[in-house]
$ cat structure13.pdb   # PDB, C-alpha atoms and all ligand atoms
MODEL        1
ATOM      1  CA  MET A   1     219.378-115.326 138.747
ATOM      2  CA  ALA A   2     218.674-112.374 136.423
ATOM      3  CA  LYS A   3     219.798-112.749 132.833
ATOM      4  CA  LYS A   4     222.953-110.814 131.973
ATOM      5  CA  LYS A   5     222.083-108.331 129.233
ATOM      6  CA  VAL A   6     224.317-108.600 126.184
ATOM      7  CA  PRO A   7     225.295-105.145 124.896
ATOM      8  CA  LYS A   8     224.416-103.930 121.406
ATOM      9  CA  PRO A   9     227.045-104.626 118.743
ATOM     10  CA  THR A  10     229.838-102.092 118.334
ATOM     11  CA  LYS A  11     230.602-100.364 115.033
ATOM     12  CA  LYS A  12     233.447-102.830 114.509
ATOM     13  CA  GLU A  13     231.195-105.822 115.182
ATOM     14  CA  LYS A  14     228.602-104.492 112.740
ATOM     15  CA  ALA A  15     231.307-104.211 110.080
ATOM     16  CA  GLN A  16     232.378-107.802 110.855
ATOM     17  CA  MET A  17     228.762-109.006 110.535
ATOM     18  CA  ILE A  18     228.514-107.379 107.116
ATOM     19  CA  GLU A  19     231.759-109.024 105.982
ATOM     20  CA  LEU A  20     230.524-112.379 107.266
ATOM     21  CA  LEU A  21     227.144-112.087 105.572
ATOM     22  CA  LEU A  22     228.873-111.402 102.252
ATOM     23  CA  ALA A  23     231.197-114.371 102.829
ATOM     24  CA  LEU A  24     228.402-116.742 103.903
ATOM     25  CA  TYR A  25     226.195-115.977 100.878
ATOM     26  CA  PRO A  26     228.555-115.161  97.990
ATOM     27  CA  ASP A  27     225.941-116.071  95.362
ATOM     28  CA  ALA A  28     223.018-114.236  96.990
ATOM     29  CA  ALA A  29     220.655-113.081  94.234
ATOM     30  CA  PRO A  30     216.918-112.732  93.599
ATOM     31  CA  GLU A  31     215.065-116.046  93.765
ATOM     32  CA  LEU A  32     212.205-114.776  91.601
ATOM     33  CA  THR A  33     212.321-115.810  87.930
ATOM     34  CA  PHE A  34     212.014-113.015  85.346
ATOM     35  CA  ASN A  35     213.229-112.132  81.860
ATOM     36  CA  SER A  36     212.499-108.409  81.728
ATOM     37  CA  ASP A  37     212.028-105.356  83.957
ATOM     38  CA  TYR A  38     208.283-105.709  83.507
ATOM     39  CA  GLU A  39     208.256-109.381  84.516
ATOM     40  CA  LEU A  40     210.300-108.506  87.611
ATOM     41  CA  LEU A  41     207.813-105.794  88.579
ATOM     42  CA  VAL A  42     204.844-108.157  88.213
ATOM     43  CA  ALA A  43     206.642-110.948  90.101
ATOM     44  CA  VAL A  44     207.451-108.621  93.017
ATOM     45  CA  ILE A  45     203.829-107.449  93.217
ATOM     46  CA  LEU A  46     202.736-111.102  93.298
ATOM     47  CA  SER A  47     205.288-111.952  96.003
ATOM     48  CA  ALA A  48     203.488-109.975  98.737
ATOM     49  CA  GLN A  49     202.693-112.513 101.474
ATOM     50  CA  CYS A  50     203.626-115.379  99.133
ATOM     51  CA  THR A  51     206.752-117.502  98.690
ATOM     52  CA  ASP A  52     209.070-116.976  95.711
ATOM     53  CA  VAL A  53     208.645-120.661  94.794
ATOM     54  CA  ARG A  54     204.873-120.231  94.458
ATOM     55  CA  VAL A  55     205.263-116.958  92.544
ATOM     56  CA  ASN A  56     207.651-118.661  90.085
ATOM     57  CA  GLU A  57     205.131-121.448  89.488
ATOM     58  CA  VAL A  58     202.425-118.894  88.725
ATOM     59  CA  THR A  59     204.553-116.572  86.566
ATOM     60  CA  ASN A  60     205.774-119.575  84.562
ATOM     61  CA  ILE A  61     202.163-119.836  83.346
ATOM     62  CA  LEU A  62     201.282-116.131  83.396
ATOM     63  CA  PHE A  63     204.254-114.793  81.417
ATOM     64  CA  LYS A  64     203.638-117.258  78.575
ATOM     65  CA  ARG A  65     200.317-115.493  78.075
ATOM     66  CA  ALA A  66     201.193-111.994  79.211
ATOM     67  CA  GLY A  67     204.860-111.024  79.510
ATOM     68  CA  THR A  68     204.341-107.386  78.448
ATOM     69  CA  PRO A  69     202.045-104.594  79.657
ATOM     70  CA  GLU A  70     200.156-104.685  76.328
ATOM     71  CA  ALA A  71     199.513-108.424  76.554
ATOM     72  CA  MET A  72     198.548-108.123  80.240
ATOM     73  CA  THR A  73     195.896-105.481  79.536
ATOM     74  CA  SER A  74     194.303-107.808  77.002
ATOM     75  CA  LEU A  75     193.463-110.249  79.834
ATOM     76  CA  SER A  76     190.157-109.837  81.645
ATOM     77  CA  LEU A  77     190.223-109.254  85.398
ATOM     78  CA  GLU A  78     188.593-112.659  85.937
ATOM     79  CA  THR A  79     191.158-114.489  83.801
ATOM     80  CA  LEU A  80     194.063-112.814  85.581
ATOM     81  CA  GLU A  81     192.513-113.587  88.975
ATOM     82  CA  ASP A  82     192.193-117.252  88.029
ATOM     83  CA  ILE A  83     195.840-117.490  86.959
ATOM     84  CA  ILE A  84     197.308-115.726  90.008
ATOM     85  CA  ARG A  85     194.887-117.196  92.595
ATOM     86  CA  PRO A  86     197.593-119.480  94.162
ATOM     87  CA  CYS A  87     199.591-116.366  95.173
ATOM     88  CA  GLY A  88     196.842-115.172  97.536
ATOM     89  CA  LEU A  89     195.325-111.674  97.760
ATOM     90  CA  PHE A  90     194.448-112.281  94.108
ATOM     91  CA  HIS A  91     191.584-109.720  93.845
ATOM     92  CA  THR A  92     193.815-106.819  94.847
ATOM     93  CA  LYS A  93     196.920-108.088  93.042
ATOM     94  CA  ALA A  94     195.018-108.647  89.754
ATOM     95  CA  LYS A  95     193.435-105.194  89.916
ATOM     96  CA  ASN A  96     196.804-103.565  90.647
ATOM     97  CA  ILE A  97     198.643-105.481  87.905
ATOM     98  CA  LEU A  98     196.021-104.517  85.318
ATOM     99  CA  THR A  99     195.898-100.813  86.231
ATOM    100  CA  MET A 100     199.698-100.700  86.568
ATOM    101  CA  SER A 101     200.019-102.254  83.079
ATOM    102  CA  GLN A 102     197.520 -99.766  81.649
ATOM    103  CA  THR A 103     199.541 -96.900  83.179
ATOM    104  CA  LEU A 104     202.789 -98.243  81.673
ATOM    105  CA  THR A 105     201.173 -98.563  78.249
ATOM    106  CA  ARG A 106     199.566 -95.122  78.403
ATOM    107  CA  ASN A 107     202.291 -93.053  80.101
ATOM    108  CA  TYR A 108     205.595 -94.869  79.643
ATOM    109  CA  ASP A 109     205.418 -96.386  76.164
ATOM    110  CA  GLY A 110     205.111 -99.835  77.751
ATOM    111  CA  LYS A 111     208.394 -99.510  79.670
ATOM    112  CA  VAL A 112     209.047 -99.692  83.408
ATOM    113  CA  PRO A 113     210.122 -96.268  84.740
ATOM    114  CA  GLU A 114     213.535 -96.092  86.423
ATOM    115  CA  THR A 115     213.055 -93.717  89.350
ATOM    116  CA  MET A 116     211.718 -94.541  92.809
ATOM    117  CA  GLU A 117     209.240 -91.637  92.566
ATOM    118  CA  GLN A 118     207.737 -92.799  89.257
ATOM    119  CA  LEU A 119     207.633 -96.424  90.372
ATOM    120  CA  MET A 120     205.927 -95.581  93.655
ATOM    121  CA  GLU A 121     203.168 -93.751  91.777
ATOM    122  CA  LEU A 122     202.184 -96.996  90.033
ATOM    123  CA  PRO A 123     199.238 -98.967  91.476
ATOM    124  CA  GLY A 124     200.355-101.704  93.866
ATOM    125  CA  VAL A 125     203.941-100.446  94.030
ATOM    126  CA  GLY A 126     205.211 -99.426  97.470
ATOM    127  CA  ARG A 127     208.690 -98.523  98.619
ATOM    128  CA  LYS A 128     209.835-102.141  99.022
ATOM    129  CA  THR A 129     208.733-103.140  95.516
ATOM    130  CA  ALA A 130     210.279 -99.993  94.008
ATOM    131  CA  ASN A 131     213.568-100.711  95.800
ATOM    132  CA  VAL A 132     213.662-104.283  94.454
ATOM    133  CA  VAL A 133     213.001-103.046  90.911
ATOM    134  CA  VAL A 134     215.534-100.176  90.848
ATOM    135  CA  SER A 135     218.248-102.409  92.320
ATOM    136  CA  ASN A 136     217.663-105.593  90.308
ATOM    137  CA  ALA A 137     216.453-104.103  87.019
ATOM    138  CA  PHE A 138     218.438-100.863  86.845
ATOM    139  CA  GLY A 139     221.499-101.534  89.012
ATOM    140  CA  VAL A 140     220.803 -98.728  91.491
ATOM    141  CA  PRO A 141     222.033 -99.751  94.981
ATOM    142  CA  ALA A 142     219.014-100.145  97.287
ATOM    143  CA  ILE A 143     217.893-102.039 100.371
ATOM    144  CA  ALA A 144     214.352-103.350 100.159
ATOM    145  CA  VAL A 145     213.132-104.134 103.664
ATOM    146  CA  ASP A 146     210.897-107.189 103.625
ATOM    147  CA  THR A 147     209.922-109.325 106.593
ATOM    148  CA  HIS A 148     213.260-111.241 106.591
ATOM    149  CA  VAL A 149     215.444-108.138 106.273
ATOM    150  CA  PHE A 150     213.447-106.421 109.025
ATOM    151  CA  ARG A 151     213.633-109.351 111.469
ATOM    152  CA  VAL A 152     217.237-110.417 110.874
ATOM    153  CA  SER A 153     218.703-106.905 110.941
ATOM    154  CA  ALA A 154     216.860-106.205 114.212
ATOM    155  CA  ARG A 155     218.108-109.420 115.824
ATOM    156  CA  LEU A 156     221.653-108.713 114.705
ATOM    157  CA  GLY A 157     221.452-105.177 116.090
ATOM    158  CA  LEU A 158     222.159-103.666 112.655
ATOM    159  CA  ALA A 159     218.849-101.780 112.959
ATOM    160  CA  SER A 160     216.542-100.857 115.817
ATOM    161  CA  GLY A 161     213.552-102.779 114.445
ATOM    162  CA  GLN A 162     211.106 -99.884 114.971
ATOM    163  CA  ASN A 163     209.610 -99.790 111.483
ATOM    164  CA  VAL A 164     210.591-100.651 107.904
ATOM    165  CA  ASP A 165     211.405 -97.082 106.832
ATOM    166  CA  LYS A 166     213.694 -96.531 109.831
ATOM    167  CA  THR A 167     215.315 -99.937 109.242
ATOM    168  CA  GLU A 168     216.063 -98.992 105.623
ATOM    169  CA  GLN A 169     217.680 -95.714 106.747
ATOM    170  CA  GLU A 170     219.703 -97.434 109.498
ATOM    171  CA  LEU A 171     220.940-100.178 107.161
ATOM    172  CA  MET A 172     221.946 -97.611 104.549
ATOM    173  CA  LYS A 173     224.084 -95.889 107.192
ATOM    174  CA  VAL A 174     225.808 -99.022 108.417
ATOM    175  CA  MET A 175     226.308-100.853 105.084
ATOM    176  CA  PRO A 176     228.668 -99.779 102.277
ATOM    177  CA  ARG A 177     226.555 -98.425  99.387
ATOM    178  CA  GLU A 178     228.159-100.697  96.806
ATOM    179  CA  HIS A 179     226.954-103.729  98.784
ATOM    180  CA  TRP A 180     223.380-102.585  99.572
ATOM    181  CA  THR A 181     221.677-104.754  96.948
ATOM    182  CA  LYS A 182     223.818-107.820  97.663
ATOM    183  CA  LEU A 183     223.398-107.490 101.440
ATOM    184  CA  HIS A 184     219.632-107.222 101.005
ATOM    185  CA  HIS A 185     219.725-110.677  99.346
ATOM    186  CA  CYS A 186     222.150-112.005 102.017
ATOM    187  CA  LEU A 187     219.768-110.972 104.818
ATOM    188  CA  ILE A 188     216.830-112.600 103.016
ATOM    189  CA  LEU A 189     218.724-115.883 102.565
ATOM    190  CA  HIS A 190     219.930-115.820 106.175
ATOM    191  CA  GLY A 191     216.334-115.240 107.323
ATOM    192  CA  ARG A 192     214.990-118.068 105.167
ATOM    193  CA  ARG A 193     217.667-120.621 105.950
ATOM    194  CA  VAL A 194     218.999-119.884 109.447
ATOM    195  CA  CYS A 195     217.480-116.957 111.338
ATOM    196  CA  LYS A 196     213.903-118.127 110.853
ATOM    197  CA  ALA A 197     211.007-116.209 112.416
ATOM    198  CA  ARG A 198     209.827-118.861 114.878
ATOM    199  CA  LYS A 199     212.954-120.876 115.550
ATOM    200  CA  PRO A 200     216.265-119.221 114.688
ATOM    201  CA  ALA A 201     219.109-121.758 114.491
ATOM    202  CA  CYS A 202     221.430-119.743 116.765
ATOM    203  CA  GLU A 203     223.538-122.775 117.776
ATOM    204  CA  THR A 204     224.756-123.333 114.235
ATOM    205  CA  CYS A 205     224.517-119.756 112.928
ATOM    206  CA  GLY A 206     227.745-118.385 111.449
ATOM    207  CA  LEU A 207     227.034-115.009 113.066
ATOM    208  CA  ASN A 208     226.415-116.238 116.620
ATOM    209  CA  GLY A 209     229.713-114.871 117.948
ATOM    210  CA  LEU A 210     228.696-111.341 116.957
ATOM    211  CA  CYS A 211     224.874-111.321 117.163
ATOM    212  CA  PRO A 212     223.465-110.193 120.567
ATOM    213  CA  HIS A 213     220.959-113.098 120.480
ATOM    214  CA  GLY A 214     223.678-115.618 119.674
ATOM    215  CA  LYS A 215     225.970-114.214 122.362
ATOM    216  CA  GLN A 216     223.159-114.378 124.897
ATOM    217  CA  LEU A 217     222.609-118.013 124.055
ATOM    218  CA  LEU A 218     226.331-118.817 124.313
ATOM    219  CA  SER A 219     226.702-117.002 127.655
ATOM    220  CA  GLU A 220     223.687-118.893 129.061
ATOM    221  CA  ALA A 221     225.157-122.206 127.883
ATOM    222  CA  ILE A 222     228.472-121.401 129.603
ATOM    223  CA  ALA A 223     226.667-120.422 132.836
ATOM    224  CA  LEU A 224     224.894-123.809 133.032
TER
HETATM  225  S1  LIG B 301     222.610-115.911 116.203
HETATM  226 FE1  LIG B 301     220.447-116.471 116.087
HETATM  227  S2  LIG B 301     219.302-114.539 116.157
HETATM  228 FE2  LIG B 301     221.460-114.061 115.653
HETATM  229  S3  LIG B 301     221.486-114.010 113.429
HETATM  230 FE3  LIG B 301     222.070-116.063 114.038
HETATM  231  S4  LIG B 301     220.162-117.231 114.029
HETATM  232 FE4  LIG B 301     219.620-115.060 114.015
ENDMDL
END
$ encode --input "structure13.pdb" --output "structure tokens" --more "lines below"
Ligand code: SF4
Amino acid sequence: MAKKKVPKPTKKEKAQMIELLLALYPDAAPELTFNSDYELLVAVILSAQCTDVRVNEVTNILFKRAGTPEAMTSLSLETLEDIIRPCGLFHTKAKNILTMSQTLTRNYDGKVPETMEQLMELPGVGRKTANVVVSNAFGVPAIAVDTHVFRVSARLGLASGQNVDKTEQELMKVMPREHWTKLHHCLILHGRRVCKARKPACETCGLNGLCPHGKQLLSEAIAL
């Protein structure tokens, strides 16, 4: 028998999902450790294709030696590569962190700029990194679309899942602006803990009565 297709969520269901996400993860916040805007920027660059736990282990060592752009530029490329090696992609990340730090020292008096445009001109800083920095360092509402946000929002039907830029635009339309930053962290936590890439825990997921995937699963279980 052909599978019955579960329709996309309605506007009301999307609003309910957003409420539920906020209720399920009331303490959602960045899991990276940092003590300044600059440390946050470096930690986010290091987090590409690496876990936050690993990044925190590395930055715990790195920031004792170089927690400012000036101190970072005093490190040699080889030394920085050695310290950040456990984060992976260490050649590129070290080069970007050094040139980014030189740019901050030269053009911004050692401070992290506050606008998306200025941030995205820095070496190694793309839209996702800039969104994380403006939202967590400067309190500007933003939705950074990482792998978890992209996957979970597509499964929930909050976004079409075509590409990260479209997902960001779609989420900004469906989510209240004052909750953008918080919901970004909620989606990440939900992706890490429940809606995992390989094996989403739909049976126990708190959103399974609203999510098209969860509904599909429930309707198949009832049909058995
Ligand atoms: S029901 Fe399944 S697919 Fe939907 S959000 Fe929950 S875990 Fe993810």
$ closest_residue --input "structure13.pdb" --among "A:Thr204, A:Arg193, A:Cys211, A:Ile45" --to "A:Thr129" --atoms "all atoms listed in the file"
A:Ile45
$ atom_distance --input "structure13.pdb" --atom1 "atom CA of A:Gly124" --atom2 "atom CA of A:Ser153"
25.6 Å
$ residues_near_ligand --input "structure13.pdb" --ligand "ligand LIG 301 (chain B)" --cutoff "6 Å" --atoms "all atoms listed in the file" --output "number ranges by chain"
A: 155-156, 194-195, 200-202, 205, 207-208, 211, 213-214
$ resolve_selection --input "structure13.pdb" --expression "the PyMOL selection byres (((chain A and resi 87) around 7) and not hetatm)" --output "NGL selection string"
:A and (46 or 50 or 54-55 or 84-86 or 88-90)
$ write_last_selection --input "structure13.pdb" --atoms "C-alpha atoms" --output "tab-separated table (two decimals), keeping the file's coordinate frame"
chain	number	residue	atom	x	y	z
A	46	LEU	CA	202.74	-111.10	93.30
A	50	CYS	CA	203.63	-115.38	99.13
A	54	ARG	CA	204.87	-120.23	94.46
A	55	VAL	CA	205.26	-116.96	92.54
A	84	ILE	CA	197.31	-115.73	90.01
A	85	ARG	CA	194.89	-117.20	92.60
A	86	PRO	CA	197.59	-119.48	94.16
A	88	GLY	CA	196.84	-115.17	97.54
A	89	LEU	CA	195.32	-111.67	97.76
A	90	PHE	CA	194.45	-112.28	94.11
$ atom_distance --input "structure13.pdb" --atom1 "atom CA of A:Val140" --atom2 "atom CA of A:His185"
14.3 Å
$ resolve_selection --input "structure13.pdb" --expression "the PyMOL selection byres (((chain A and resi 78) around 12) and not hetatm)" --output "PyMOL selection string"
chain A and resi 74-77+79-85+90-95+98
$ resolve_selection --input "structure13.pdb" --expression "the PyMOL selection byres (((chain A and resi 157) around 12) and not hetatm)" --output "ChimeraX atom specification"
/A:6-11,13-15,17-18,149-156,158-162,167,170-171,174,207,210-215
$ residues_around --input "structure13.pdb" --residues "stretch 61-71 of chain A" --least-positions-apart "4" --cutoff "8 Å" --atoms "all atoms listed in the file" --output "JSON, numbers by chain"
{"A": [38, 39, 57, 75, 83, 84, 101, 102, 104, 105, 110]}
$ write_last_selection --input "structure13.pdb" --atoms "C-alpha atoms" --output "compact mmCIF listing (two decimals), in the frame of the given file"
# COMPACT_ATOMS: atom_id res chain seq x y z
CA TYR A 38 208.28 -105.71 83.51
CA GLU A 39 208.26 -109.38 84.52
CA GLU A 57 205.13 -121.45 89.49
CA LEU A 75 193.46 -110.25 79.83
CA ILE A 83 195.84 -117.49 86.96
CA ILE A 84 197.31 -115.73 90.01
CA SER A 101 200.02 -102.25 83.08
CA GLN A 102 197.52 -99.77 81.65
CA LEU A 104 202.79 -98.24 81.67
CA THR A 105 201.17 -98.56 78.25
CA GLY A 110 205.11 -99.84 77.75
$ atom_distance --input "structure13.pdb" --atom1 "atom CA of A:Glu168" --atom2 "atom CA of A:Val145"
6.2 Å
$ closest_residue --input "structure13.pdb" --among "A:Leu40, A:Leu22, A:Met72, A:Ala28" --to "A:Ile188" --atoms "all atoms listed in the file"
A:Ala28
$ residues_near_point --input "structure13.pdb" --point "(234.0, -102.3, 102.6)" --cutoff "10 Å" --atoms "all atoms listed in the file" --output "list of chain:residue names"
A:Ala15, A:Ile18, A:Glu19, A:Met175, A:Pro176, A:Arg177, A:Glu178, A:His179
$ closest_residue --input "structure13.pdb" --among "A:Val112, A:Val132, A:Ala197, A:Leu122" --to "A:Thr147" --atoms "only C-alpha atoms"
A:Ala197
$ residues_around --input "structure13.pdb" --residues "A:Pro30" --least-positions-apart "2" --cutoff "12 Å" --atoms "only C-alpha atoms" --output "list in words"
Asp27, Ala28, Leu32, Thr33, Phe34, Leu40, Ala43, Val44, Ser47, Asp52, Val53, Asn56, Val132, Val133, Ser135, Asn136, Ala137, Ala144, Thr181, Lys182, Leu183, His184, His185, Cys186, Leu187, Ile188 and Leu189 of chain A
